[in-house]
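Novice: One structure is given below, represented as structure tokens, and several questions about it will come after.
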Amino acid sequence: MTTAAAPPRVPEAIHRRRWAILCTLVLALLVVVLDNSILNVAMKTIATPAPVGLGATQSDLEWSINSYTLVFAGLLFTSGLLGDRFGRKRALLAGMVVFGIASLLSAMAATPGELVGYRALMGVGAALAMPATLAIIMNVFERAEQPKAIGIWAGAVGLAIAIGPITGGVLIEHFWWGSVFLINVPIVIVAVIAMVILVPESKDPNPGRLDPVGVLLSIIGLVALIYGIIKGGELADFTAAGAWVPVLVGVVALVAFVWFERRTAHPALDVTWFRNKVFSASVVVVGVVFFALMGVSFFGVFYIQSVRGYSALQAGLLMLPLAVAQLLFAPRARLVVDRFGVAATAAVGMLLIGVGFVGYTLLTAATPIWVLIVLGLLMGSGMAHVMPPVTVAIMGSLPREKAGAGSAVNNTFRQVGGSLGVAVLGAVLSTFYRDGMTDTLNQLPAEYRDKAGESLEATLAIAGRLGPKGQALLGPANDSFISAMHVVASLSAGITVAGALIAWFLLPRKAAGPTGGPGAPAVQPADQSTDRRETAAADA
């Protein structure tokens, strides 16, 4: 028995320009994701006293990154809701305009405090734009093409993460530090013009009443939770009141949010979505992937630059294999899913990432550099076979009119997982590094001990200050860092394997049906072009 073909849900005029729309959305995605990775390269220059830099302290530098992360993560969910209610194109345009203006202001910042504030404003723009990109994809592509489109979307994220350090390195070598922000402005202008012309408006036709209490609780919960996580990572001590108090406030606010949403007649988030094991397992896998993967981005940079002595630009180039693998395989992951199913594809992808972490446990100060390239290709291939299918599973398990909220939940779990990964794995790295350096640090003058034990970079700075005597610190510092890196890589590998088990046992064995929504029956996607022509003829 043949199931009747589903009528097309996307108007013919929009369907014809769907790939041009996707290119526009990818442009927006690139500039938002690239900005966070590009800034890392400029840190040393920004710390230099004026007129070369801003004379920023270590705390200033940390908060120039954290202010963006805090606002971005805290507003993601609310921004997705606003896009569903008032229009995703409006949210996207507003986000890009705010992001562009804030980038210009950041480039012209005269003090570290101004830079921190403008970076927070950039986080507002990014939070508005990011959920809208994925939600619009769900509304301009027919169900059969969504996996391919989401694969390209996911590949673009990997590309942006990798080319950020390369772009930043080139800009810093030839221009002043503000150029890493100023480069965003022309890209934003081109993107906004293309969005106005190409991107159609879409929104939830029945958004219901506003839920200000739920929205406020979600913002308080996410901001407090992320702040506490960041603070715990900075202090390398999650038992400090500055870390656990905001984490506790965040958890209490989020519990109150869930309690309230279950009882209000018009919830901002339908918490019954989490009863769907496909939705729940998918968002958990997203969080686990980014928790573990932030480890390699955190310790990988220090290993390449500080231990191996490569420049920032060279370090960026060594991140390219991971991005290239994602870019090549992510759009094709749907073919693997079609043959082996979502669970098998995502689980094997997670295991590939885990094998990459195991490879990091074997690195030494003299490991051939081609090993890093192979590990990057391996982990990028794994990411390419995890993120597209689980993102499709998340979005496909929800009604299409809730695409903004679904995208926001996906991005929120990714951001929270990544922030938690940086904080927890960073704290583990710092603890084991300091423990490994204890005997060496005890031989230093008292005024240098605490500072030299903070990190590998701090040790190298003290070594440089001590002159010839400081050379004795270099060998132990590198050895202690590599040992600490092995511990973090082992922990990341274990977490990734846990994520693989979640994917294998809880994700669906086959791809989601092309109609969407929990429990929706699968239909044949064939003859959609015929249906579309017939619909167009009828409309004419």
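The chains in the structure tokens are called A, B, ... from first to last as shown; in each chain the residues are counted from 1, and the ligands are counted from 1 in the order shown.
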Just want the 12 Å neighbourhood of Val31 in chain A, counted on only C-alpha atoms, with same-chain residues fewer than 5 positions away dropped. Output as a PyMOL selection string.
Specialist: chain A and resi 24-26+36-38+95-96+99-100+103+122+125-126+129-130+156-157+159-161+163-164+167+180-192
Novice: Now that the selection is made, can you save its residues with N, CA, C and O atoms as a compact mmCIF listing (two decimals), in the first residue's frame?
Specialist:
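Produced file result-v4.txt, reproduced below:
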# COMPACT_ATOMS: atom_id res chain seq x y z
N THR A 24 22.75 32.92 2.93
CA THR A 24 22.62 34.14 3.72
C THR A 24 22.65 33.82 5.21
O THR A 24 23.31 34.51 6.01
N LEU A 25 21.93 32.75 5.60
CA LEU A 25 21.90 32.35 7.01
C LEU A 25 23.28 31.88 7.47
O LEU A 25 23.70 32.16 8.60
N VAL A 26 23.99 31.18 6.59
CA VAL A 26 25.34 30.72 6.93
C VAL A 26 26.28 31.91 7.12
O VAL A 26 27.14 31.90 8.01
N ASN A 36 33.83 34.82 18.35
CA ASN A 36 34.31 34.33 19.64
C ASN A 36 35.68 33.67 19.52
O ASN A 36 36.51 33.77 20.42
N SER A 37 35.91 32.98 18.40
CA SER A 37 37.21 32.31 18.23
C SER A 37 38.29 33.29 17.76
O SER A 37 39.47 33.10 18.04
N ILE A 38 37.88 34.33 17.07
CA ILE A 38 38.86 35.30 16.54
C ILE A 38 39.45 36.15 17.66
O ILE A 38 40.60 36.58 17.59
N GLY A 95 19.02 41.19 15.42
CA GLY A 95 20.24 40.64 15.99
C GLY A 95 21.48 41.04 15.21
O GLY A 95 22.51 41.42 15.79
N MET A 96 21.39 40.98 13.88
CA MET A 96 22.55 41.32 13.07
C MET A 96 22.88 42.81 13.16
O MET A 96 24.07 43.19 13.20
N PHE A 99 24.47 43.36 16.53
CA PHE A 99 25.79 42.76 16.50
C PHE A 99 26.78 43.64 15.73
O PHE A 99 27.93 43.83 16.15
N GLY A 100 26.34 44.16 14.59
CA GLY A 100 27.21 45.03 13.78
C GLY A 100 27.58 46.32 14.49
O GLY A 100 28.75 46.73 14.50
N SER A 103 29.94 45.55 17.31
CA SER A 103 31.27 45.25 16.80
C SER A 103 32.04 46.53 16.51
O SER A 103 33.24 46.64 16.82
N MET A 122 27.23 42.73 22.03
CA MET A 122 27.38 41.78 20.93
C MET A 122 26.67 40.46 21.26
O MET A 122 26.09 39.82 20.39
N GLY A 125 23.01 40.73 20.40
CA GLY A 125 22.78 40.56 18.97
C GLY A 125 22.91 39.11 18.54
O GLY A 125 22.08 38.59 17.77
N ALA A 126 23.94 38.42 19.05
CA ALA A 126 24.14 37.02 18.69
C ALA A 126 23.00 36.15 19.17
O ALA A 126 22.55 35.23 18.46
N ALA A 129 20.08 36.49 16.82
CA ALA A 129 20.28 35.95 15.47
C ALA A 129 20.39 34.43 15.43
O ALA A 129 19.85 33.79 14.53
N MET A 130 21.10 33.84 16.39
CA MET A 130 21.46 32.43 16.31
C MET A 130 20.24 31.50 16.22
O MET A 130 20.17 30.65 15.33
N ALA A 156 29.13 24.80 8.82
CA ALA A 156 29.53 26.21 8.87
C ALA A 156 29.99 26.60 10.26
O ALA A 156 30.91 27.42 10.41
N VAL A 157 29.37 26.02 11.30
CA VAL A 157 29.80 26.30 12.67
C VAL A 157 31.24 25.84 12.87
O VAL A 157 32.08 26.57 13.42
N LEU A 159 33.51 25.40 10.56
CA LEU A 159 34.39 26.24 9.75
C LEU A 159 34.69 27.56 10.46
O LEU A 159 35.85 28.01 10.49
N ALA A 160 33.67 28.16 11.04
CA ALA A 160 33.85 29.44 11.72
C ALA A 160 34.79 29.32 12.90
O ALA A 160 35.64 30.19 13.15
N ILE A 161 34.65 28.22 13.66
CA ILE A 161 35.52 28.01 14.82
C ILE A 161 36.98 27.91 14.39
O ILE A 161 37.88 28.40 15.07
N ILE A 163 38.44 28.98 11.31
CA ILE A 163 39.04 30.10 10.58
C ILE A 163 39.16 31.35 11.43
O ILE A 163 39.85 32.29 11.05
N GLY A 164 38.50 31.36 12.61
CA GLY A 164 38.61 32.52 13.49
C GLY A 164 40.04 32.83 13.88
O GLY A 164 40.52 33.95 13.66
N THR A 167 42.06 34.04 10.79
CA THR A 167 41.70 35.42 10.43
C THR A 167 42.26 36.40 11.45
O THR A 167 42.82 37.44 11.08
N VAL A 180 39.92 43.03 14.64
CA VAL A 180 39.25 41.73 14.81
C VAL A 180 37.74 41.92 15.03
O VAL A 180 36.97 40.98 14.85
N PHE A 181 37.33 43.11 15.45
CA PHE A 181 35.91 43.41 15.57
C PHE A 181 35.39 44.16 14.34
O PHE A 181 34.27 43.94 13.89
N LEU A 182 36.23 45.05 13.82
CA LEU A 182 35.80 45.88 12.69
C LEU A 182 35.48 45.04 11.45
O LEU A 182 34.63 45.39 10.65
N ILE A 183 36.15 43.89 11.31
CA ILE A 183 35.90 43.03 10.16
C ILE A 183 34.46 42.53 10.11
O ILE A 183 33.93 42.19 9.06
N ASN A 184 33.80 42.51 11.28
CA ASN A 184 32.42 42.06 11.31
C ASN A 184 31.47 43.01 10.57
O ASN A 184 30.45 42.58 10.03
N VAL A 185 31.81 44.29 10.58
CA VAL A 185 30.86 45.31 10.10
C VAL A 185 30.51 45.13 8.62
O VAL A 185 29.32 45.07 8.27
N PRO A 186 31.47 45.05 7.68
CA PRO A 186 31.08 44.87 6.28
C PRO A 186 30.35 43.54 6.04
O PRO A 186 29.45 43.48 5.20
N ILE A 187 30.73 42.49 6.80
CA ILE A 187 30.03 41.21 6.64
C ILE A 187 28.58 41.35 7.07
O ILE A 187 27.66 40.85 6.41
N VAL A 188 28.35 42.04 8.18
CA VAL A 188 26.98 42.26 8.67
C VAL A 188 26.18 43.07 7.67
O VAL A 188 25.00 42.77 7.41
N ILE A 189 26.79 44.10 7.08
CA ILE A 189 26.07 44.93 6.11
C ILE A 189 25.61 44.10 4.91
O ILE A 189 24.46 44.17 4.48
N VAL A 190 26.53 43.28 4.37
CA VAL A 190 26.18 42.41 3.24
C VAL A 190 25.08 41.43 3.64
O VAL A 190 24.11 41.21 2.90
N ALA A 191 25.22 40.85 4.84
CA ALA A 191 24.24 39.86 5.31
C ALA A 191 22.86 40.49 5.48
O ALA A 191 21.84 39.90 5.08
N VAL A 192 22.80 41.68 6.05
CA VAL A 192 21.50 42.34 6.28
C VAL A 192 20.81 42.66 4.96
O VAL A 192 19.60 42.45 4.81
Novice: Could you check the closest approach to Arg88 in chain A for each of A:Gly359, A:Lys402, A:Ala343, A:Leu235 and tell me which residue wins, using only C-alpha atoms?
Specialist: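 Closest residue, counting only C-alpha atoms: A:Lys402.
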Novice: Can you list, as a list in words, every protein, DNA or RNA residue that comes within 8 Å of Leu248 in chain A when you count only C-alpha atoms, leaving out same-chain residues fewer than 4 positions away?
Specialist: Leu225, Trp244 and Val252 of chain A
Novice: Keeping C-alpha atoms for every residue in the selection just given, could you write it to a file as a short mmCIF file (atom, residue, chain, number, x, y, z; two decimals), in the first residue's frame?
Specialist:
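New file result.cif:
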data_model
loop_
_atom_site.label_atom_id
_atom_site.label_comp_id
_atom_site.auth_asym_id
_atom_site.auth_seq_id
_atom_site.Cartn_x
_atom_site.Cartn_y
_atom_site.Cartn_z
CA LEU A 225 24.11 29.28 36.26
CA TRP A 244 28.47 27.83 44.15
CA VAL A 252 16.70 27.06 41.94
#
Novice: Could you state the separation of CA of Ala73 in chain A and CA of Val255 in chain A in Å, given to one decimal place?
Specialist: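 Computing it gives 17.4 Å between the two atoms.
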Novice: When you look at Gly494 in chain A with a cut-off of 12 Å (counting only C-alpha atoms), what residues show up, excluding the ones that are within fewer than 2 positions of it in the same chain? I need them as a list in words.
Specialist: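 Non-adjacent residues within range: Val288, Val289, Phe291, Ala292, Leu293, Met350, Leu351, Ile353, Gly354, Val355, Gly356, Phe357, Val358, Val487, Val488, Ala489, Ser490, Leu491, Ser492, Thr496, Val497, Ala498, Gly499, Ala500 and Leu501 of chain A.
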Novice: Okay, now the selection with C-alpha atoms, as a PDB file, in the first residue's frame?
Specialist:
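Everything below was put into part.pdb:
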ATOM      1  CA  VAL A 288      27.829  16.308  26.183  1.00  0.00           C
ATOM      2  CA  VAL A 289      29.562  16.820  22.827  1.00  0.00           C
ATOM      3  CA  PHE A 291      31.300  19.785  27.155  1.00  0.00           C
ATOM      4  CA  ALA A 292      33.924  17.304  26.023  1.00  0.00           C
ATOM      5  CA  LEU A 293      34.987  19.141  22.859  1.00  0.00           C
ATOM      6  CA  MET A 350      30.777  10.162  19.419  1.00  0.00           C
ATOM      7  CA  LEU A 351      33.176   7.215  19.557  1.00  0.00           C
ATOM      8  CA  ILE A 353      35.549  11.958  18.980  1.00  0.00           C
ATOM      9  CA  GLY A 354      36.421   9.741  21.963  1.00  0.00           C
ATOM     10  CA  VAL A 355      39.215   8.051  19.986  1.00  0.00           C
ATOM     11  CA  GLY A 356      40.543  11.529  19.189  1.00  0.00           C
ATOM     12  CA  PHE A 357      40.700  12.313  22.904  1.00  0.00           C
ATOM     13  CA  VAL A 358      42.509   9.023  23.516  1.00  0.00           C
ATOM     14  CA  VAL A 487      44.095  13.760  32.546  1.00  0.00           C
ATOM     15  CA  VAL A 488      41.662  16.200  30.889  1.00  0.00           C
ATOM     16  CA  ALA A 489      41.758  14.249  27.612  1.00  0.00           C
ATOM     17  CA  SER A 490      41.023  11.003  29.479  1.00  0.00           C
ATOM     18  CA  LEU A 491      38.098  12.645  31.283  1.00  0.00           C
ATOM     19  CA  SER A 492      36.790  14.025  27.976  1.00  0.00           C
ATOM     20  CA  THR A 496      32.184  11.203  25.151  1.00  0.00           C
ATOM     21  CA  VAL A 497      31.744   7.438  25.555  1.00  0.00           C
ATOM     22  CA  ALA A 498      28.867   8.130  27.964  1.00  0.00           C
ATOM     23  CA  GLY A 499      27.334  10.339  25.274  1.00  0.00           C
ATOM     24  CA  ALA A 500      27.752   7.525  22.736  1.00  0.00           C
ATOM     25  CA  LEU A 501      25.820   5.167  25.017  1.00  0.00           C
TER      26      LEU A 501
END
Novice: List every residue of range 2-221 of chain A that DSSP, applied to the backbone of this structure, assigns to alpha helix (DSSP H), and report them as a ChimeraX atom specification.
Specialist: /A:12-16,18-47,58-86,88-107,112-140,146-174,179-182,184-198,212-221
Novice: Smallest atom-to-atom distance to Leu375 in chain A: which of A:Gly300, A:Gly426, A:Gly83, A:Gly53, using only C-alpha atoms?
Specialist: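 Ranked by minimum distance to Leu375 in chain A, first place goes to A:Gly300.
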Novice: Write out as a list in words each polymer residue whose atoms come within 7 Å of range 111-115 of chain A, counting only C-alpha atoms; drop sequence neighbours fewer than 3 positions from it.
Specialist: Leu54, Ala56, Asp60, Ser64, Ser106, Tyr118 and Arg119 of chain A
Novice: Create the file for the chosen residues now, containing C-alpha atoms and written as a PDB file, in the first residue's frame.
Specialist:
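What ended up in selection.pdb:
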ATOM      1  CA  LEU A  54      44.296  48.748  26.083  1.00  0.00           C
ATOM      2  CA  ALA A  56      43.849  45.089  29.937  1.00  0.00           C
ATOM      3  CA  ASP A  60      39.598  42.280  31.933  1.00  0.00           C
ATOM      4  CA  SER A  64      35.763  40.467  27.528  1.00  0.00           C
ATOM      5  CA  SER A 106      34.118  47.276  20.394  1.00  0.00           C
ATOM      6  CA  TYR A 118      30.289  46.362  24.123  1.00  0.00           C
ATOM      7  CA  ARG A 119      31.053  42.642  24.061  1.00  0.00           C
TER       8      ARG A 119
END
Novice: Kindly assemble as CSV a list of the range 202-270 of chain A residues that lie within 10 Å of range 403-409 of chain A, each paired with its nearest atom pair and their distance in Å to one decimal, using only C-alpha atoms, sorted first by chain and then by ascending residue number.
Specialist:
residue,atom,partner,partner_atom,distance
A:Ser202,CA,A:Gly404,CA,9.9
A:Lys203,CA,A:Gly404,CA,8.5
A:Asp204,CA,A:Ala403,CA,8.5
A:Ala268,CA,A:Ala405,CA,8.7
A:Leu269,CA,A:Ala405,CA,7.5
A:Asp270,CA,A:Ala405,CA,9.5
Novice: Which neighbours of Arg332 in chain A fall inside 12 Å, counting only C-alpha atoms, when residues of the same chain fewer than 2 positions from it are skipped, and could you give them as number ranges by chain?
Specialist: A: 145-155, 325-330, 334-339, 345, 381, 384-389
Novice: So how far away is CA of Gln415 in chain A from CA of Ile137 in chain A, in Å?
Specialist: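 Spanning CA of Ile137 in chain A to CA of Gln415 in chain A is a straight-line distance of 20.2 Å.
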Novice: Write out as a list in words the residues lying within 12 Å of Arg275 in chain A, counting only C-alpha atoms and excluding same-chain residues fewer than 5 positions away.
Specialist: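 Once the adjacent positions are removed, what remains is Asp270, Ser280, Ala281, Ser397, Leu398 and Pro518 of chain A.
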Novice: Hey, could you make a per-residue contact list for range 66-134 of chain A against range 206-223 of chain A with 9 Å as the cut-off, showing the nearest pair of atoms and its distance in Å to one decimal, counting only C-alpha atoms, sorted by chain and number, as CSV?
Specialist:
residue,atom,partner,partner_atom,distance
A:Leu70,CA,A:Val223,CA,6.1
A:Val71,CA,A:Val223,CA,7.1
A:Ala73,CA,A:Leu222,CA,6.9
A:Gly74,CA,A:Val223,CA,4.7
A:Leu75,CA,A:Ile219,CA,6.3
A:Leu76,CA,A:Ile219,CA,8.9
A:Phe77,CA,A:Ser218,CA,7.6
A:Thr78,CA,A:Val215,CA,6.3
A:Leu81,CA,A:Val215,CA,8.9
A:Asp84,CA,A:Pro207,CA,7.3
A:Arg85,CA,A:Pro207,CA,5.7
Novice: With all heavy atoms retained, write the just-selected residues as a PDB file, in the first residue's frame.
Specialist:
ATOM      1  N   LEU A  70      28.030  35.092  28.670  1.00  0.00           N
ATOM      2  CA  LEU A  70      26.982  35.190  29.691  1.00  0.00           C
ATOM      3  C   LEU A  70      25.678  35.714  29.106  1.00  0.00           C
ATOM      4  O   LEU A  70      24.610  35.125  29.297  1.00  0.00           O
ATOM      5  CB  LEU A  70      27.477  36.112  30.810  1.00  0.00           C
ATOM      6  CG  LEU A  70      26.683  36.132  32.108  1.00  0.00           C
ATOM      7  CD1 LEU A  70      26.748  34.776  32.784  1.00  0.00           C
ATOM      8  CD2 LEU A  70      27.238  37.209  33.038  1.00  0.00           C
ATOM      9  N   VAL A  71      25.760  36.804  28.370  1.00  0.00           N
ATOM     10  CA  VAL A  71      24.558  37.400  27.782  1.00  0.00           C
ATOM     11  C   VAL A  71      23.989  36.510  26.681  1.00  0.00           C
ATOM     12  O   VAL A  71      22.778  36.291  26.589  1.00  0.00           O
ATOM     13  CB  VAL A  71      24.866  38.813  27.239  1.00  0.00           C
ATOM     14  CG1 VAL A  71      23.672  39.378  26.493  1.00  0.00           C
ATOM     15  CG2 VAL A  71      25.266  39.736  28.380  1.00  0.00           C
ATOM     16  N   ALA A  73      24.264  33.188  26.237  1.00  0.00           N
ATOM     17  CA  ALA A  73      23.604  31.995  26.768  1.00  0.00           C
ATOM     18  C   ALA A  73      22.334  32.351  27.530  1.00  0.00           C
ATOM     19  O   ALA A  73      21.323  31.644  27.439  1.00  0.00           O
ATOM     20  CB  ALA A  73      24.567  31.233  27.677  1.00  0.00           C
ATOM     21  N   GLY A  74      22.368  33.445  28.279  1.00  0.00           N
ATOM     22  CA  GLY A  74      21.215  33.820  29.088  1.00  0.00           C
ATOM     23  C   GLY A  74      20.000  34.229  28.286  1.00  0.00           C
ATOM     24  O   GLY A  74      18.855  34.053  28.737  1.00  0.00           O
ATOM     25  N   LEU A  75      20.213  34.768  27.092  1.00  0.00           N
ATOM     26  CA  LEU A  75      19.097  35.281  26.291  1.00  0.00           C
ATOM     27  C   LEU A  75      18.692  34.373  25.139  1.00  0.00           C
ATOM     28  O   LEU A  75      17.715  34.673  24.442  1.00  0.00           O
ATOM     29  CB  LEU A  75      19.453  36.668  25.731  1.00  0.00           C
ATOM     30  CG  LEU A  75      19.634  37.789  26.753  1.00  0.00           C
ATOM     31  CD1 LEU A  75      19.938  39.100  26.038  1.00  0.00           C
ATOM     32  CD2 LEU A  75      18.401  37.952  27.628  1.00  0.00           C
ATOM     33  N   LEU A  76      19.416  33.275  24.907  1.00  0.00           N
ATOM     34  CA  LEU A  76      19.118  32.410  23.756  1.00  0.00           C
ATOM     35  C   LEU A  76      17.673  31.926  23.759  1.00  0.00           C
ATOM     36  O   LEU A  76      16.965  32.011  22.745  1.00  0.00           O
ATOM     37  CB  LEU A  76      20.061  31.199  23.756  1.00  0.00           C
ATOM     38  CG  LEU A  76      21.354  31.326  22.960  1.00  0.00           C
ATOM     39  CD1 LEU A  76      22.254  30.124  23.230  1.00  0.00           C
ATOM     40  CD2 LEU A  76      21.072  31.447  21.474  1.00  0.00           C
ATOM     41  N   PHE A  77      17.246  31.386  24.894  1.00  0.00           N
ATOM     42  CA  PHE A  77      15.896  30.824  24.960  1.00  0.00           C
ATOM     43  C   PHE A  77      14.841  31.907  24.742  1.00  0.00           C
ATOM     44  O   PHE A  77      13.903  31.740  23.950  1.00  0.00           O
ATOM     45  CB  PHE A  77      15.683  30.132  26.305  1.00  0.00           C
ATOM     46  CG  PHE A  77      14.280  29.637  26.496  1.00  0.00           C
ATOM     47  CD1 PHE A  77      13.782  28.590  25.721  1.00  0.00           C
ATOM     48  CD2 PHE A  77      13.434  30.220  27.425  1.00  0.00           C
ATOM     49  CE1 PHE A  77      12.475  28.147  25.880  1.00  0.00           C
ATOM     50  CE2 PHE A  77      12.134  29.783  27.585  1.00  0.00           C
ATOM     51  CZ  PHE A  77      11.656  28.735  26.816  1.00  0.00           C
ATOM     52  N   THR A  78      15.003  33.040  25.414  1.00  0.00           N
ATOM     53  CA  THR A  78      14.040  34.136  25.263  1.00  0.00           C
ATOM     54  C   THR A  78      14.011  34.647  23.828  1.00  0.00           C
ATOM     55  O   THR A  78      12.935  34.937  23.284  1.00  0.00           O
ATOM     56  CB  THR A  78      14.416  35.294  26.219  1.00  0.00           C
ATOM     57  OG1 THR A  78      14.394  34.802  27.563  1.00  0.00           O
ATOM     58  CG2 THR A  78      13.446  36.451  26.087  1.00  0.00           C
ATOM     59  N   LEU A  81      11.933  32.449  21.601  1.00  0.00           N
ATOM     60  CA  LEU A  81      10.503  32.691  21.815  1.00  0.00           C
ATOM     61  C   LEU A  81      10.051  33.967  21.108  1.00  0.00           C
ATOM     62  O   LEU A  81       8.969  34.005  20.497  1.00  0.00           O
ATOM     63  CB  LEU A  81      10.210  32.813  23.311  1.00  0.00           C
ATOM     64  CG  LEU A  81      10.444  31.567  24.172  1.00  0.00           C
ATOM     65  CD1 LEU A  81      10.177  31.902  25.639  1.00  0.00           C
ATOM     66  CD2 LEU A  81       9.537  30.432  23.723  1.00  0.00           C
ATOM     67  N   ASP A  84       9.645  33.314  17.399  1.00  0.00           N
ATOM     68  CA  ASP A  84       8.415  32.576  17.110  1.00  0.00           C
ATOM     69  C   ASP A  84       7.200  33.492  17.189  1.00  0.00           C
ATOM     70  O   ASP A  84       6.257  33.362  16.406  1.00  0.00           O
ATOM     71  CB  ASP A  84       8.241  31.418  18.111  1.00  0.00           C
ATOM     72  CG  ASP A  84       9.115  30.214  17.779  1.00  0.00           C
ATOM     73  OD1 ASP A  84       9.642  30.173  16.647  1.00  0.00           O
ATOM     74  OD2 ASP A  84       9.256  29.339  18.641  1.00  0.00           O
ATOM     75  N   ARG A  85       7.195  34.411  18.126  1.00  0.00           N
ATOM     76  CA  ARG A  85       6.019  35.261  18.357  1.00  0.00           C
ATOM     77  C   ARG A  85       5.943  36.429  17.383  1.00  0.00           C
ATOM     78  O   ARG A  85       4.888  36.709  16.802  1.00  0.00           O
ATOM     79  CB  ARG A  85       6.039  35.776  19.801  1.00  0.00           C
ATOM     80  CG  ARG A  85       4.916  36.768  20.133  1.00  0.00           C
ATOM     81  CD  ARG A  85       4.916  37.120  21.602  1.00  0.00           C
ATOM     82  NE  ARG A  85       4.510  35.981  22.412  1.00  0.00           N
ATOM     83  CZ  ARG A  85       3.241  35.677  22.686  1.00  0.00           C
ATOM     84  NH1 ARG A  85       2.257  36.434  22.205  1.00  0.00           N
ATOM     85  NH2 ARG A  85       2.948  34.642  23.429  1.00  0.00           N
TER      86      ARG A  85
END
Novice: What is the CA of Lys89 in chain A-CA of Glu12 in chain A distance in Å, reported with one decimal?
Specialist: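 Between CA of Lys89 in chain A and CA of Glu12 in chain A the gap is 18.7 Å.
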Novice: Restrict the calculation to only C-alpha atoms, then for each residue of range 289-388 of chain A with any atom at most 10 Å from an atom of range 478-482 of chain A give the closest atom pair and their distance in Å to one decimal, rows by chain and rising residue number, as a tab-separated table.
Specialist:
residue	atom	partner	partner_atom	distance
A:Phe299	CA	A:Phe481	CA	9.0
A:Phe302	CA	A:Phe481	CA	9.0
A:Tyr303	CA	A:Ile482	CA	7.6
A:Ser306	CA	A:Asn478	CA	8.3
A:Val307	CA	A:Asn478	CA	5.9
A:Arg308	CA	A:Asn478	CA	9.3
A:Tyr360	CA	A:Ile482	CA	9.5
A:Thr361	CA	A:Ile482	CA	8.6
A:Leu362	CA	A:Ile482	CA	9.5
A:Leu363	CA	A:Ile482	CA	7.7
A:Thr364	CA	A:Ile482	CA	6.8
A:Ala365	CA	A:Asn478	CA	7.5
Novice: From the list A:Leu420, A:Ile172, A:Met395, A:Leu466, which residue is nearest Val52 in chain A when using only C-alpha atoms?
Specialist: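 Selected residue with least distance to Val52 in chain A: A:Ile172.
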